[in-house]
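Visitor: Quick one: this structure, given as structure tokens, is what I'll be asking you about.
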Amino acid sequence: MSVTVNTPVVTRISDEIVNRLQALVGGDAGTYTFAGVVRPTKIMSYTPQHGLIVVTRGEVSRVPELDCPGNPPANTYRQTFLIRVHVAPSENDETPVEVFEDVMEAAILQAIRVDETWYTFNDHALIADFGAQVTTTSDGGYDGFAVPLNVTYRISEGDPYTVRG
Amino acid sequence: MTLADRIVSDAGNVFLNSDHFAESVTYYPFRMQPGARTARTIKAVVTRNQVSTFNPDEQIVPEFEVRVANDSTTGISSAELNTGGDQIALAVRVGETPTRRSVQTLIEHDEGMLVLLCR
């Protein structure tokens with residue numbers, strides 16, 4: 001089923017994150033160019049490759065200290081989005097992988113922080129912050145890194161479609 | 001002909017025989033330098049595993065174990081293989097249209113064959 005008419009607040013935040021990252025694809029940065037941005041499906045249809053960004057979700061938690069009373073009350077959640085990047089340059093490339101990580105992470109941070117109110121993701125969130133970079137592994141070896149993006153948003157109780165400021 | 005020669009010969013003529021288990025696939029050498037080398041059709045024995053966990057993305061991915069001749073014409077030579085960009089077009093399910101999959105790991109190899117992990 002394709003949901004196109006209206007989507008919950010957290011989905012709209014996901015969409016905005018992916019939209020901002022799409023601006024990185026196809027840039028003129030040589031081996032630092034990003035190959036694409038994907039969100040996994042049930043059985044993923046993409047192939048892992050150098051510079052591919054994969055956006056997934058991590059932990060979600062309640063933030064009761066930011067709830068608001070009322071009828072209905074407003075509930076606050078903190079969702080971690082994981083912006084994963086595959087780093088697989090040529091075997092002949094002598095560039096240290098940490099340089100790829102540094103450059104690519106910087107590009108991602110700048111792409112997400114588009115303006116002074118970047119953290120609202122088009123008025124859907126209260127605040128957002130980046131976590132520390134995490135190295136990802138595959139088959140017992142190195143695969144790339146992930147940047148956690150923590151987004152706090154508030155919705156009406158029992159109504160995940162309605163943003164509460 | 002030595003035993004070693006016969007093993008290499010059998011890899012191409014017997015194991016990778018299309019009348020047995022081999023199929024034709026397209027090998028794309030090193031996509032980072034598209035002008036340097038061109039794609040070519042090679043023989044391969046492909047073992048498909050559609051449900052496999054891929055830890056970096058914490059996703060379920062199709063995984064392929066691909067056996068090819070260690071040969072720069074009929075297969076892929078171990079000297080030319082580059083896991084930083086080489087791809088092989090593979091069908092996730094037999095009968096489907098092949099799509100390009102990255103060669104991620106050289107699992108093992110000898111003078112006769114390479115065993116590759118593609119996703």
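Following the order of the structure tokens, first chain is A, next is B, and so on, with residues numbered from 1 inside each chain and ligands from 1 in the order they appear.
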Residues of chain B were defined as contacting chain A if any atom lay at most 6 Å from it, counting only C-alpha atoms; please report them as a list in words.

Guide: Pro56, Ile60, Val61, Asn82, Gly84, Arg101, Ser102 and Arg119 of chain B

Visitor: Pick out the closest residue to Leu117 of chain B from this set: B:Asp57, B:Asp71, B:Asp86, B:Asp5. Count only C-alpha atoms.

Guide: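 Of all the options, B:Asp86 lies closest to Leu117 of chain B.
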
Visitor: Determine which residues of chain B receive a DSSP assignment of helix (DSSP H, G or I), computed from the backbone, and state them as an MDAnalysis selection string.

Guide: chainID B and resid 3:15

Visitor: One number please: atom CA of Ser9 of chain B to atom CA of Thr38 of chain B, in Å, one decimal.

Guide: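 Those two atoms sit 25.3 Å apart.
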
Visitor: Which of these residues is nearest to Thr120 of chain A, using only C-alpha atoms: A:Val99, A:Val151, A:Ala107, A:Val25?

Guide: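 When distances to Thr120 of chain A are compared using only C-alpha atoms, the smallest one comes from A:Val151.
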